[in-house]
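*Asks:* Just passing along the structure, written as structure tokens.
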Amino acid sequence: MTALLELRAVTKRFGGLTAVNNISFSVAEGEILSVIGPNGAGKSTLFQLISSFLNTSSGEVLFRGQRVNNLAPHIVARKGIVRTFQETTVFRSMTVRENIIAAHHLRSKASLLGFFFGTRAARADERYFGESADNLIEFLEMQAIADELASNLPQGHLRALGMAIGLATDPAVLLLDEPFAGMNHDETMKMVTLVKRLRDERQVTVLLVEHDMPAVMKISDRLIVINFGQKIAEGTPSEIQNNPKVIEAYLGSEDAAIGM
Ligand code: ADP
Ligand code: MG
């Protein structure tokens with residue numbers, strides 16, 4: 001079986017600092033794979049390299065066997081590798097539903113010109129986008145806030161909208177950087193269920209960076225552990241929990257012990 005996503009000796013230097021050092025791993029289609037490690041380990045940088053928000057210093061990222069590193073982020077997103085958007089990407093003056101519809105244009109078959117001139121393809125897209133947006137709103141259980149202006153939404157709902165915007169682009173791979181940050185236990189468990197449904201019902205492959213260890217262990221098929229930019233372990237949740245290198249990395253950092 002060929003990997004959906006493959007990193008080969010990916011390295012990123014910021015001046016004298018090697019934030020990501022020679023990291024290789026593969027992700028299978030339909031997998032939920034988490035990247036964990038202490039603060040400053042290089043997790044977010046790794047995600048930015050995969051999504052082409054940063055260029056690699058060396059190494060390669062392959063998606064369905066094709067190189068995708070060092071392209072523009074929107075090109076990579078069109079290929080199906082999508083980061084969930086930060087809350088700041090949301091159009092505050094538009095409703096939830098309007099935001100989700102707007103996000104569909106990233107994958108539109110009709111050009112933006114077609115959209116303005118109302119070509120048949122663009123009209124067909126508009127109909128499809130509306131239906132797809134409603135479908136996503138239902139999937140994310142956002143019906144009650146669909147017509148609310150984004151500017152009125154509390155943090156939790158904004159984050160859900162960020163997820164909806166990412167999903168509207170119909171990703172093959174979704175990159176989630178600390179999706180549970182700031183959430184209480186119930187909210188986290190709801191999000192865990194949602195991410196699993198994304199994989200089970202929408203066949204989305206998920207890459208996740210997260211500090212909440214109980215949630216990570218519950219959600220992941222496999223984990224990659226990085227420390228000081230290097231991969232120190234890779235395996236199933238139970239393999240990782242018992243790996244001495246991992247325990248040492250966590251105990252030696254300011255993060256609380258791995259706490260599972
Ligand atoms: P993590 O997400 O694991 O906490 P990051 O990937 O954010 O870690 O950061 C890894 C290291 O790279 C840190 O030492 C950080 O200070 C550094 N770093 C991240 N982004 C930049 C940047 N744009 N310029 C310089 N250094 C950076
Ligand atoms: Mg980070």
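Letters A, B, ... go to the chains of the structure tokens in the order shown; residues in each chain start at 1; ligands are counted from 1 in the same order.
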Excluding same-chain residues fewer than 5 positions from Gly65 in chain A, what lies within 10 Å of it counting only C-alpha atoms, as a ChimeraX atom specification?

*Replies:* /A:2-6

*Asks:* Go ahead and save the picked residues with C-alpha atoms, as a tab-separated table (two decimals), in the first residue's frame.

*Replies:*
```
chain	number	residue	atom	x	y	z
A	2	THR	CA	1.41	3.39	-0.91
A	3	ALA	CA	1.31	6.14	1.67
A	4	LEU	CA	-1.08	9.03	1.17
A	5	LEU	CA	1.48	11.39	2.63
A	6	GLU	CA	5.17	10.79	3.06
```

*Asks:* Output the neighbourhood of ligand 1 as a ChimeraX atom specification, that is, all protein and nucleic acid residues with some atom at most 9 Å from the ligand, counting only C-alpha atoms and all ligand atoms.

*Replies:* /A:12-15,17-20,35-48,54,177,209,226-229

*Asks:* Would you save the residues from that selection as a PDB file, in the first residue's frame, using N, CA and C atoms?

*Replies:*
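This is the output file selection_37.pdb:
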```pdb
ATOM      1  N   LYS A  12      14.074  21.898   8.538  1.00  0.00           N
ATOM      2  CA  LYS A  12      13.853  23.347   8.460  1.00  0.00           C
ATOM      3  C   LYS A  12      14.801  24.058   9.416  1.00  0.00           C
ATOM      4  N   ARG A  13      15.585  24.959   8.858  1.00  0.00           N
ATOM      5  CA  ARG A  13      16.476  25.779   9.684  1.00  0.00           C
ATOM      6  C   ARG A  13      15.971  27.207   9.713  1.00  0.00           C
ATOM      7  N   PHE A  14      16.007  27.792  10.896  1.00  0.00           N
ATOM      8  CA  PHE A  14      15.780  29.232  11.035  1.00  0.00           C
ATOM      9  C   PHE A  14      17.123  29.801  11.482  1.00  0.00           C
ATOM     10  N   GLY A  15      17.900  30.350  10.582  1.00  0.00           N
ATOM     11  CA  GLY A  15      19.240  30.801  10.949  1.00  0.00           C
ATOM     12  C   GLY A  15      20.029  29.636  11.516  1.00  0.00           C
ATOM     13  N   LEU A  17      19.169  27.813  14.087  1.00  0.00           N
ATOM     14  CA  LEU A  17      18.323  26.842  14.787  1.00  0.00           C
ATOM     15  C   LEU A  17      17.723  25.843  13.795  1.00  0.00           C
ATOM     16  N   THR A  18      17.908  24.553  14.061  1.00  0.00           N
ATOM     17  CA  THR A  18      17.255  23.537  13.234  1.00  0.00           C
ATOM     18  C   THR A  18      15.965  23.134  13.934  1.00  0.00           C
ATOM     19  N   ALA A  19      14.859  23.733  13.507  1.00  0.00           N
ATOM     20  CA  ALA A  19      13.570  23.525  14.184  1.00  0.00           C
ATOM     21  C   ALA A  19      12.989  22.161  13.847  1.00  0.00           C
ATOM     22  N   VAL A  20      13.233  21.684  12.615  1.00  0.00           N
ATOM     23  CA  VAL A  20      12.798  20.350  12.188  1.00  0.00           C
ATOM     24  C   VAL A  20      14.012  19.689  11.557  1.00  0.00           C
ATOM     25  N   VAL A  35       1.055  14.142  16.167  1.00  0.00           N
ATOM     26  CA  VAL A  35       2.447  14.521  16.398  1.00  0.00           C
ATOM     27  C   VAL A  35       2.486  15.153  17.778  1.00  0.00           C
ATOM     28  N   ILE A  36       3.245  14.544  18.688  1.00  0.00           N
ATOM     29  CA  ILE A  36       3.349  15.100  20.035  1.00  0.00           C
ATOM     30  C   ILE A  36       4.807  15.395  20.359  1.00  0.00           C
ATOM     31  N   GLY A  37       4.997  16.156  21.415  1.00  0.00           N
ATOM     32  CA  GLY A  37       6.344  16.527  21.845  1.00  0.00           C
ATOM     33  C   GLY A  37       6.264  17.778  22.694  1.00  0.00           C
ATOM     34  N   PRO A  38       7.308  18.034  23.485  1.00  0.00           N
ATOM     35  CA  PRO A  38       7.306  19.202  24.372  1.00  0.00           C
ATOM     36  C   PRO A  38       7.190  20.520  23.590  1.00  0.00           C
ATOM     37  N   ASN A  39       6.888  21.587  24.297  1.00  0.00           N
ATOM     38  CA  ASN A  39       6.832  22.915  23.677  1.00  0.00           C
ATOM     39  C   ASN A  39       8.139  23.226  22.964  1.00  0.00           C
ATOM     40  N   GLY A  40       8.035  23.797  21.773  1.00  0.00           N
ATOM     41  CA  GLY A  40       9.228  24.185  21.029  1.00  0.00           C
ATOM     42  C   GLY A  40       9.890  23.028  20.293  1.00  0.00           C
ATOM     43  N   ALA A  41       9.249  21.852  20.294  1.00  0.00           N
ATOM     44  CA  ALA A  41       9.846  20.660  19.672  1.00  0.00           C
ATOM     45  C   ALA A  41       9.893  20.755  18.142  1.00  0.00           C
ATOM     46  N   GLY A  42       9.021  21.583  17.573  1.00  0.00           N
ATOM     47  CA  GLY A  42       8.995  21.737  16.115  1.00  0.00           C
ATOM     48  C   GLY A  42       7.708  21.252  15.462  1.00  0.00           C
ATOM     49  N   LYS A  43       6.679  21.009  16.270  1.00  0.00           N
ATOM     50  CA  LYS A  43       5.431  20.440  15.760  1.00  0.00           C
ATOM     51  C   LYS A  43       4.719  21.387  14.793  1.00  0.00           C
ATOM     52  N   SER A  44       4.546  22.632  15.227  1.00  0.00           N
ATOM     53  CA  SER A  44       3.829  23.584  14.360  1.00  0.00           C
ATOM     54  C   SER A  44       4.630  23.871  13.091  1.00  0.00           C
ATOM     55  N   THR A  45       5.946  23.947  13.241  1.00  0.00           N
ATOM     56  CA  THR A  45       6.798  24.168  12.057  1.00  0.00           C
ATOM     57  C   THR A  45       6.612  23.019  11.068  1.00  0.00           C
ATOM     58  N   LEU A  46       6.557  21.811  11.588  1.00  0.00           N
ATOM     59  CA  LEU A  46       6.356  20.632  10.735  1.00  0.00           C
ATOM     60  C   LEU A  46       5.044  20.758   9.945  1.00  0.00           C
ATOM     61  N   PHE A  47       3.986  21.174  10.608  1.00  0.00           N
ATOM     62  CA  PHE A  47       2.698  21.343   9.927  1.00  0.00           C
ATOM     63  C   PHE A  47       2.773  22.431   8.858  1.00  0.00           C
ATOM     64  N   GLN A  48       3.530  23.480   9.154  1.00  0.00           N
ATOM     65  CA  GLN A  48       3.649  24.563   8.169  1.00  0.00           C
ATOM     66  C   GLN A  48       4.456  24.117   6.950  1.00  0.00           C
ATOM     67  N   LEU A  54       5.480  27.254   5.018  1.00  0.00           N
ATOM     68  CA  LEU A  54       6.929  27.490   5.097  1.00  0.00           C
ATOM     69  C   LEU A  54       7.594  26.582   4.065  1.00  0.00           C
ATOM     70  N   ASP A 177      -3.891  21.818  14.376  1.00  0.00           N
ATOM     71  CA  ASP A 177      -2.859  22.191  15.343  1.00  0.00           C
ATOM     72  C   ASP A 177      -3.533  22.610  16.644  1.00  0.00           C
ATOM     73  N   VAL A 209      -1.759  17.877  16.014  1.00  0.00           N
ATOM     74  CA  VAL A 209      -0.798  18.230  17.065  1.00  0.00           C
ATOM     75  C   VAL A 209      -1.627  18.546  18.286  1.00  0.00           C
ATOM     76  N   ILE A 226       8.209  13.986  18.656  1.00  0.00           N
ATOM     77  CA  ILE A 226       9.407  14.738  18.301  1.00  0.00           C
ATOM     78  C   ILE A 226       9.907  15.533  19.503  1.00  0.00           C
ATOM     79  N   ASN A 227      11.214  15.721  19.537  1.00  0.00           N
ATOM     80  CA  ASN A 227      11.867  16.484  20.593  1.00  0.00           C
ATOM     81  C   ASN A 227      13.071  17.170  19.962  1.00  0.00           C
ATOM     82  N   PHE A 228      13.249  18.449  20.241  1.00  0.00           N
ATOM     83  CA  PHE A 228      14.330  19.225  19.624  1.00  0.00           C
ATOM     84  C   PHE A 228      14.405  18.984  18.112  1.00  0.00           C
ATOM     85  N   GLY A 229      13.250  18.956  17.465  1.00  0.00           N
ATOM     86  CA  GLY A 229      13.218  18.865  16.004  1.00  0.00           C
ATOM     87  C   GLY A 229      13.405  17.475  15.426  1.00  0.00           C
TER      88      GLY A 229
END
```

*Asks:* Could you tell me which of A:Ser26, A:Ser34, A:Ala172, A:Thr205 comes closest to Ser220 in chain A if we count only C-alpha atoms?

*Replies:* A:Ser34

*Asks:* To test your reading of the structure, identify every residue in range 69-231 of chain A that backbone DSSP assigns to alpha helix (DSSP H), and report it as a ChimeraX atom specification.

*Replies:* /A:73-79,96-104,112-117,120-139,155-168,185-202,213-219

*Asks:* Rank nothing, just name the residue among A:Gln143, A:Gln203, A:Ser52, A:Thr188 nearest to Val96 in chain A, using only C-alpha atoms.

*Replies:*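 For Val96 in chain A, the nearest of the candidates is A:Gln143.
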
*Asks:* CA of Ile165 in chain A and CA of Ala144 in chain A are how many Å apart?

*Replies:*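 Separation of CA of Ile165 in chain A and CA of Ala144 in chain A: 17.1 Å.
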
*Asks:* May I ask which of the residues A:Pro244, A:Asn184, A:Glu178, A:Ile219 is the closest one to ligand 2, counting only C-alpha atoms and all ligand atoms?

*Replies:*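 Result for the nearest residue to ligand 2: A:Glu178.
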
*Asks:* May I ask for the distance between CA of Ile32 in chain A and CA of Ile81 in chain A, given in Å to one decimal place?

*Replies:*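 Those two atoms sit 14.1 Å apart.
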
*Asks:* Given only C-alpha atoms and all ligand atoms as the basis, pick out the residue of A:Pro214, A:Gly156, A:Pro237, A:Pro179 nearest to ligand 2.

*Replies:*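 Using only C-alpha atoms and all ligand atoms, ligand 2 sits closest to A:Pro179.
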
*Asks:* Just checking: using only C-alpha atoms, which residue out of A:Ile240, A:Leu49, A:Leu207, A:Ala181 ends up closest to Val76 in chain A?

*Replies:* A:Leu49

*Asks:* Counting only C-alpha atoms and all ligand atoms, which of A:Lys190, A:Lys218, A:Arg199, A:His211 gets nearest to ligand 2?

*Replies:* A:His211

*Asks:* Residues of range 37-246 of chain A in strand (DSSP E or B) according to DSSP, as an MDAnalysis selection string?

*Replies:* chainID A and resid 58:63 66:67 81:83 95 149 173:177 205:209 222:227 230:235

*Asks:* Excluding His157 in chain A and any residue of its chain fewer than 2 positions from it, enumerate the residues within 12 Å of it, using only C-alpha atoms, and give them as JSON, numbers by chain.

*Replies:* {"A": [87, 90, 96, 137, 140, 141, 142, 143, 144, 145, 146, 148, 149, 150, 151, 152, 153, 154, 155, 159, 160, 161, 162, 163, 164, 183, 187, 191]}

*Asks:* Output N, CA, C and O atoms for every residue in that selection, as a compact mmCIF listing (two decimals), in the first residue's frame.

*Replies:*
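Just written: part08.txt:
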```
# COMPACT_ATOMS: atom_id res chain seq x y z
N GLU A 87 -9.07 31.48 13.60
CA GLU A 87 -10.29 32.26 13.78
C GLU A 87 -10.24 33.58 13.00
O GLU A 87 -11.24 34.10 12.54
N VAL A 90 -11.85 34.05 9.47
CA VAL A 90 -13.30 34.13 9.32
C VAL A 90 -13.71 35.56 8.91
O VAL A 90 -13.13 36.53 9.38
N VAL A 96 -22.43 32.54 9.57
CA VAL A 96 -21.76 31.24 9.56
C VAL A 96 -21.94 30.57 8.20
O VAL A 96 -20.98 30.12 7.56
N ILE A 137 -23.07 22.10 7.93
CA ILE A 137 -23.67 22.69 9.12
C ILE A 137 -24.37 21.60 9.94
O ILE A 137 -24.24 21.56 11.17
N LEU A 140 -21.69 19.26 11.55
CA LEU A 140 -21.03 19.89 12.70
C LEU A 140 -22.03 20.36 13.76
O LEU A 140 -21.65 21.00 14.74
N GLU A 141 -23.31 20.05 13.52
CA GLU A 141 -24.39 20.43 14.46
C GLU A 141 -24.36 21.92 14.76
O GLU A 141 -24.40 22.36 15.91
N MET A 142 -24.28 22.72 13.69
CA MET A 142 -24.25 24.17 13.84
C MET A 142 -25.55 24.83 13.37
O MET A 142 -25.58 26.04 13.16
N GLN A 143 -26.62 24.03 13.26
CA GLN A 143 -27.87 24.58 12.72
C GLN A 143 -28.34 25.82 13.48
O GLN A 143 -28.80 26.79 12.87
N ALA A 144 -28.21 25.77 14.80
CA ALA A 144 -28.75 26.85 15.63
C ALA A 144 -28.03 28.18 15.40
O ALA A 144 -28.57 29.25 15.69
N ILE A 145 -26.80 28.12 14.88
CA ILE A 145 -26.04 29.36 14.70
C ILE A 145 -25.75 29.68 13.23
O ILE A 145 -24.99 30.59 12.92
N ALA A 146 -26.40 28.93 12.33
CA ALA A 146 -26.08 29.07 10.90
C ALA A 146 -26.27 30.49 10.39
O ALA A 146 -25.53 30.97 9.52
N GLU A 148 -26.22 33.24 12.29
CA GLU A 148 -25.59 34.21 13.21
C GLU A 148 -24.38 34.85 12.52
O GLU A 148 -23.65 34.19 11.78
N LEU A 149 -24.19 36.14 12.76
CA LEU A 149 -22.98 36.78 12.23
C LEU A 149 -21.75 36.23 12.96
O LEU A 149 -21.78 36.04 14.18
N ALA A 150 -20.69 36.01 12.21
CA ALA A 150 -19.47 35.45 12.81
C ALA A 150 -18.97 36.34 13.94
O ALA A 150 -18.43 35.86 14.93
N SER A 151 -19.17 37.66 13.80
CA SER A 151 -18.68 38.59 14.83
C SER A 151 -19.37 38.39 16.18
O SER A 151 -18.86 38.82 17.21
N ASN A 152 -20.53 37.70 16.18
CA ASN A 152 -21.26 37.47 17.45
C ASN A 152 -20.90 36.14 18.11
O ASN A 152 -21.44 35.83 19.17
N LEU A 153 -20.05 35.36 17.49
CA LEU A 153 -19.83 34.01 17.99
C LEU A 153 -18.81 33.97 19.13
O LEU A 153 -17.79 34.63 19.07
N PRO A 154 -19.09 33.15 20.15
CA PRO A 154 -18.07 32.91 21.18
C PRO A 154 -16.95 32.04 20.60
O PRO A 154 -17.10 31.43 19.54
N GLN A 155 -15.84 31.97 21.35
CA GLN A 155 -14.63 31.28 20.90
C GLN A 155 -14.87 29.85 20.39
O GLN A 155 -14.40 29.48 19.33
N ARG A 159 -14.24 28.41 16.60
CA ARG A 159 -13.34 27.31 16.26
C ARG A 159 -14.06 26.28 15.39
O ARG A 159 -13.49 25.75 14.44
N ALA A 160 -15.32 26.00 15.72
CA ALA A 160 -16.11 25.07 14.91
C ALA A 160 -16.27 25.63 13.49
O ALA A 160 -16.20 24.89 12.50
N LEU A 161 -16.45 26.95 13.41
CA LEU A 161 -16.56 27.57 12.08
C LEU A 161 -15.25 27.43 11.30
O LEU A 161 -15.26 27.16 10.10
N GLY A 162 -14.13 27.58 12.01
CA GLY A 162 -12.82 27.38 11.37
C GLY A 162 -12.70 25.98 10.78
O GLY A 162 -12.20 25.78 9.68
N MET A 163 -13.22 25.02 11.52
CA MET A 163 -13.22 23.63 11.06
C MET A 163 -14.13 23.49 9.82
O MET A 163 -13.76 22.85 8.84
N ALA A 164 -15.30 24.11 9.88
CA ALA A 164 -16.24 24.04 8.75
C ALA A 164 -15.62 24.66 7.49
O ALA A 164 -15.77 24.13 6.38
N MET A 183 -10.23 24.06 25.62
CA MET A 183 -11.55 23.41 25.75
C MET A 183 -11.63 22.67 27.08
O MET A 183 -10.63 22.13 27.55
N GLU A 187 -16.16 19.52 26.02
CA GLU A 187 -15.93 20.06 24.67
C GLU A 187 -14.88 19.23 23.93
O GLU A 187 -15.02 18.95 22.74
N MET A 191 -15.24 17.04 20.47
CA MET A 191 -14.33 17.25 19.34
C MET A 191 -13.66 15.94 18.93
O MET A 191 -13.49 15.68 17.73
```

*Asks:* Any idea what's packed within 7 Å of Ser24 in chain A, counting only C-alpha atoms, ignoring anything in its chain fewer than 3 positions away? Could you give it as an MDAnalysis selection string?

*Replies:* chainID A and resid 7:10

*Asks:* Please compute the CA of Arg197 in chain A-CA of Phe139 in chain A distance, one decimal, in Å.

*Replies:*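 Straight-line distance from CA of Arg197 in chain A to CA of Phe139 in chain A works out to 9.1 Å.
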